[in-house]
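All remarks here apply to the structure that follows.
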Amino acid sequence: MRRSDEARREILSAIRENLTRSARGREPRGIAPGSAELGKPTADPGPAARGSKERGDVVSSFTEQLAAVGAQWTVVRGATEAAHALAGILTAAGARRVAGSDAPLVQRLVSGLGDGFVRESLEGLSRDGLFACDAGVTTAQWGIAETGTLVLESAREKNRLLSLVPPIHVALLSTSCICDSLGDALARVSRASHAITLITGPSRTSDIELTLVVGVHGPQAVHVLLLEEEP
Amino acid sequence: MTFDRHARAALADGQLRGALRQATTLFGERRQAALATAPDWEGARDRARAIKDETLLHLDRYLDEFSANAERAGARVHWARDAAEACEVIGRIAEQRGARTVVKSKSMASEEIHLNAALTARGIEPIETDLGEYIVQLAGETPSHIVVPAIHKTKRQIAALFAAKLGIELSDDVATLTGAARQALRRRFAEAELGVSGVNFAVAETGTILILENEGNARLTTSLPRTHVALMGIEKVIPRFADLEVFLQLLPRSGTGQALTAYQSLLTGVKQRPEDEGPAELHIVLLDNGRSRMLAAPVTRQSLACIRCGACLNACPVYRQIGGHAYGSVYPGPIGAVLTPQLFGLGRSPELPYASSLCGACRDVCPVKIDIPALLLHLRAEVVATRAGKQRALERLAFAGYAAVMARPRLFEWLVRAARMLRVMPPLGAWTKWRDLRPLAPRSFREQWRAGLSGKAP
């Protein structure tokens with residue numbers, strides 16, 4: 001028998017014994033697991049009760065929160081505008097070595113970048129190569145208006161390292177995918193992803209004398225390209 | 001009395017007290033401001049506590065559910081009864097994978113089991129990657145705050161430390177110092193075969209673990225190495241995925257005063273295809289180490305609701321003066337004063353339940369409404385119950401005498417008058433060591449009552 005099996009049995013029986021002992025103190029073992037009453041959120045009345053905001057309000061509260069957490073954003077319409085904006089953002093940030101995720105839109109935009117850039121392909125990019133990149137470009141599957149948060153799902157694209165290792169992260173997000181609240185976003189994410197990453201602004205620390213420094217281990221700049229539907 | 005000695009040393013350290021005052025005040029203010037941005041703070045606290053209570057009352061079932069779902073998603077779950085067993089499990093995983101270095105993101109549980117020492121003993125180098133933890137590790141010290149581990153060090157001390165250990169030039173610039181740590185740690189991330197992280201919440205329904213952070217080191221730790229080991233206390237489990245919402249409203253606001261920290265990683269098993277990103281192996285170590293014992297009574301069980309935000313530290317008038325090291329444990333502050341004796345035995349730290357004025361500030365700020373003062377009183381009663389014979393006999397005698405006097409008004413009055421005349425007070429050494437005894441009034445209430453409460457001098 002595996003040692004861990006023995007440990008498992010012993011821990012579970014210790015839990016049961018101690019809970020039984022507490023029940024003898026005239027305290028019933030209480031609410032059934034998964035009881036409907038507790039499953040019902042009380043902290044947030046949910047989108048219906050809260051009144052669904054207009055799309056424009058959701059976008060503007062999202063960008064307001066992006067600013068509050070130190071992220072930048074640009075609103076664009078269509079792929080051509082997005083390509084221009086991406087080149088502008090990268091040039092302004094002084095980024096030369098750029099890698100994009102495997103999302104089709106990202107591939108198209110990155111391959112359209114001019115000769116001033118070194119375009120790295122994520123396939124076959126060594127660890128050193130990844131560490132040498134100036135900027136990573138990915139999409140975000142969802143945004144959260146309440147907190148200025150990006151939600152990245154691993155099942156949809158290879159976004160984990162490019163949104164983390166290079167000093168600049170550019171994320172493409174459709175304005176129609178901005179949720180009101182964290183609760184809405186959690187209800188919508190695909191649980192099939194083995195990694196779901198929530199990103200709120202650049203990497204930060206206050207570990208030395210409580211002085212805020214951005215870009216400690218993750219990106220020091222997060223730029224959101226907000227894609228509006230073409231009319 | 002080690003707490004006593006450490007507390008005195010801390011009180012004499014002006015620099016430490018200045019840093020503590022600044023940090024605890026700032027975090028307190030930020031927390032207060034952040035509460036206003038929560039949709040329904042009190043409702044969220046009640047709901048979170050109800051979820052924790054429900055989970056703890058059925059902890060066996062939820063742990064089994066979590067374990068089954070995590071394994072279904074490709075993780076491997078290990079159970080560890082105590083610190084030694086957890087260190088053994090993690091050490092063996094590291095050895096089997098030929099790891100020479102292990103990158104670690106912040107984990108209180110790993111401090112609790114002294115994982116770094118155990119790995120070092122096997123010839124494996126553990127590297128702390130959270131900036132504060134990295135500083136503390138380079139200095140050969142221990143963290144002094146749950147959220148800001150190196151709060152006791154000035155930037156000058158850190159500059160000298162980095163100059164000596166990393167070979168950089170002395171600098172007073174915090175951004176330069178942070179940059180030097182980033183550079184040094186990037187190399188370590190690139191070469192590490194194994195990453196060890198903690199866990200903030202574990203979802204039974206999906207087998208998901210969630211890790212919160214601001215720096216990105218936990219993301220690197222859990223994305224770059226081939227193998228990820230996540231260490232969690234058995235109390236970290238919550239029933240449903242949707243329950244994450246309420247805990248994510250509470251934890252960052254209480255800890256750092258943020259609506260959300262920069263990153264949340266929700267990890268469910270491992271990648272399904274080899275060409276995908278992320279580790280090929282995920283090992284989750286479930287640690288008991290004294291926790292199941294706390295389930296035996298409602299008063300102690302609530303200790304397991306703690307989400308390790310650190311708000312009670314910042315609010316505590318004792319912690320604000322003496323900092324974390326005086327508690328002599330990985331868990332400092334009010335929550336540490338109740339966790340440490342329960343986890344490691346009352347015999348090892350019988351003074352900790354007394355390291356409090358029972359003012360209740362900790363209970364007021366606790367996001368899951370743990371009644372820490374009630375726990376402190378419960379533990380004090382246990383200390384008294386286990387006290388050695390002589391002291392106990394003396395105490396009994398004193399209280400018997402007190403009861404006899406208080407039940408006899410004439411005797412009481414006579415004694416008060418005698419004490420006033422002789423200007424003597426009863427010998428209450430342990431009480432008057434830290435407190436002033438009020439002087440006796442020139443006229444007692446009874447005397448005034450008899451004189452018709454006229455207020456005139458006798």
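We name chains A, B, ... following the order of the structure tokens; residues begin at 1 in each chain, and ligands are numbered from 1 as shown.
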If you run DSSP on the backbone here, which positions in range 96-185 of chain A get strand (DSSP E)? Please write them as an MDAnalysis selection string.
chainID A and resid 97:100 118:121 135:139 142:144 149:153 168:174 178:179
Skipping near chain neighbours, those fewer than 5 positions away, what residues fall within 12 Å of Gly129 in chain A using only C-alpha atoms, listed as a PyMOL selection string?
(chain A and resi 97-99+118-124+134-135+162+165-166) or (chain B and resi 190)
Write the residues of the preceding selection, restricted to N, CA, C and O atoms, as a JSON list (two decimals), in the first residue's frame.
```
[["chain", "number", "residue", "atom", "x", "y", "z"],
["A", 97, "ARG", "N", 12.14, 43.51, -30.57],
["A", 97, "ARG", "CA", 11.96, 42.06, -30.68],
["A", 97, "ARG", "C", 10.55, 41.72, -30.18],
["A", 97, "ARG", "O", 10.25, 41.86, -28.99],
["A", 98, "VAL", "N", 9.70, 41.27, -31.09],
["A", 98, "VAL", "CA", 8.28, 41.08, -30.76],
["A", 98, "VAL", "C", 7.85, 39.64, -31.05],
["A", 98, "VAL", "O", 8.20, 39.09, -32.09],
["A", 99, "ALA", "N", 7.12, 39.04, -30.12],
["A", 99, "ALA", "CA", 6.57, 37.71, -30.36],
["A", 99, "ALA", "C", 5.07, 37.73, -30.15],
["A", 99, "ALA", "O", 4.57, 38.40, -29.24],
["A", 118, "VAL", "N", 11.95, 42.90, -35.16],
["A", 118, "VAL", "CA", 12.35, 41.50, -35.28],
["A", 118, "VAL", "C", 11.18, 40.67, -34.81],
["A", 118, "VAL", "O", 10.78, 40.76, -33.65],
["A", 119, "ARG", "N", 10.59, 39.89, -35.75],
["A", 119, "ARG", "CA", 9.41, 39.11, -35.38],
["A", 119, "ARG", "C", 9.82, 37.71, -34.98],
["A", 119, "ARG", "O", 10.36, 36.96, -35.79],
["A", 120, "GLU", "N", 9.59, 37.38, -33.72],
["A", 120, "GLU", "CA", 9.92, 36.04, -33.24],
["A", 120, "GLU", "C", 8.67, 35.17, -33.33],
["A", 120, "GLU", "O", 7.56, 35.65, -33.10],
["A", 121, "SER", "N", 8.88, 33.90, -33.66],
["A", 121, "SER", "CA", 7.71, 33.02, -33.67],
["A", 121, "SER", "C", 7.73, 32.19, -32.39],
["A", 121, "SER", "O", 8.78, 31.71, -31.96],
["A", 122, "LEU", "N", 6.57, 32.05, -31.79],
["A", 122, "LEU", "CA", 6.47, 31.36, -30.50],
["A", 122, "LEU", "C", 6.91, 29.90, -30.64],
["A", 122, "LEU", "O", 7.52, 29.33, -29.73],
["A", 123, "GLU", "N", 6.62, 29.30, -31.82],
["A", 123, "GLU", "CA", 7.05, 27.92, -32.07],
["A", 123, "GLU", "C", 8.57, 27.91, -32.13],
["A", 123, "GLU", "O", 9.18, 28.69, -32.85],
["A", 124, "GLY", "N", 9.16, 27.04, -31.36],
["A", 124, "GLY", "CA", 10.61, 26.89, -31.43],
["A", 124, "GLY", "C", 11.38, 28.04, -30.82],
["A", 124, "GLY", "O", 12.58, 28.17, -31.02],
["A", 134, "ASP", "N", 11.21, 41.87, -26.37],
["A", 134, "ASP", "CA", 10.83, 43.15, -25.76],
["A", 134, "ASP", "C", 9.33, 43.22, -25.51],
["A", 134, "ASP", "O", 8.88, 43.90, -24.58],
["A", 135, "ALA", "N", 8.57, 42.56, -26.37],
["A", 135, "ALA", "CA", 7.12, 42.66, -26.23],
["A", 135, "ALA", "C", 6.45, 41.35, -26.62],
["A", 135, "ALA", "O", 6.91, 40.64, -27.51],
["A", 162, "LEU", "N", 3.81, 34.70, -23.06],
["A", 162, "LEU", "CA", 3.97, 35.99, -23.74],
["A", 162, "LEU", "C", 3.29, 37.12, -22.97],
["A", 162, "LEU", "O", 3.62, 38.28, -23.14],
["A", 165, "VAL", "N", 6.45, 37.07, -19.58],
["A", 165, "VAL", "CA", 7.92, 37.20, -19.58],
["A", 165, "VAL", "C", 8.42, 38.51, -20.20],
["A", 165, "VAL", "O", 9.25, 39.20, -19.59],
["A", 166, "PRO", "N", 7.97, 38.92, -21.41],
["A", 166, "PRO", "CA", 8.51, 40.18, -21.97],
["A", 166, "PRO", "C", 8.09, 41.40, -21.15],
["A", 166, "PRO", "O", 7.03, 41.39, -20.52],
["B", 190, "ALA", "N", 15.02, 30.40, -15.32],
["B", 190, "ALA", "CA", 15.33, 29.73, -16.58],
["B", 190, "ALA", "C", 15.89, 28.34, -16.34],
["B", 190, "ALA", "O", 15.67, 27.43, -17.14]]
```
Considering only C-alpha atoms, return as a PyMOL selection string whatever protein or nucleic-acid residues lie within 7 Å of Ser4 in chain A, sequence-local ones (same chain, fewer than 4 positions apart) excluded.
(chain A and resi 8) or (chain B and resi 78-79)
Please return, as a list in words, all residues of chain B lying within 6 Å of chain A when only C-alpha atoms are considered.
Asp40, Gly43, Ala44, Asp60, His78, Trp79, Arg81, Gly132, Val148, Ala175, Arg182, Asn214, Glu215, Gly216, Asn217, Glu245, Ala262, Tyr263, Gln264, Ser265, Leu266, Leu267, Thr268, Gly269, Val270, Ser292, Leu295, Ala296 and Ala297 of chain B
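Closest to Gly143 in chain A among A:Gln220, A:Gln72, A:Thr63, A:Ser190 is A:Thr63, based on only C-alpha atoms.
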From the DSSP assignment of the backbone, select every residue of range 7-213 of chain A that is helix (DSSP H, G or I), and format the answer as a ChimeraX atom specification.
/A:7-24,36-39,46-50,55-68,78-92,104-111,127-132,175-177,182-188
One-decimal distance in Å that lies between CA of Leu59 in chain B and CA of Leu282 in chain B
22.6 Å
What lies within 12 Å of range 443-452 of chain B using only C-alpha atoms, ignoring chain neighbours under 5 positions off, as a PyMOL selection string?
chain B and resi 409-410+412-417+420-421+457-458
Contact residues around Arg5 in chain B with only C-alpha atoms at 12 Å, ignoring same-chain residues under 4 positions, as a list in words
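That gives Met1, Ala9, Ala10, Leu11, Ala12, Ile322, His325, Ala326, Tyr327, Gly328 and Glu351 of chain B.
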If you count only C-alpha atoms, which residues fall within 10 Å of Ala337 in chain B, apart from same-chain ones fewer than 2 positions away, as a list of chain:residue names?
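These residues fall inside the cut-off: B:Tyr327, B:Gly328, B:Ser329, B:Tyr331, B:Pro332, B:Gly333, B:Pro334, B:Ile335, B:Leu339, B:Thr340, B:Pro341, B:Gln342, B:Ser349, B:Pro350, B:Glu351, B:Leu352, B:Pro353, B:Tyr354, B:Ala355, B:Ser356, B:Ile372, B:Leu375, B:Leu376, B:Leu379.
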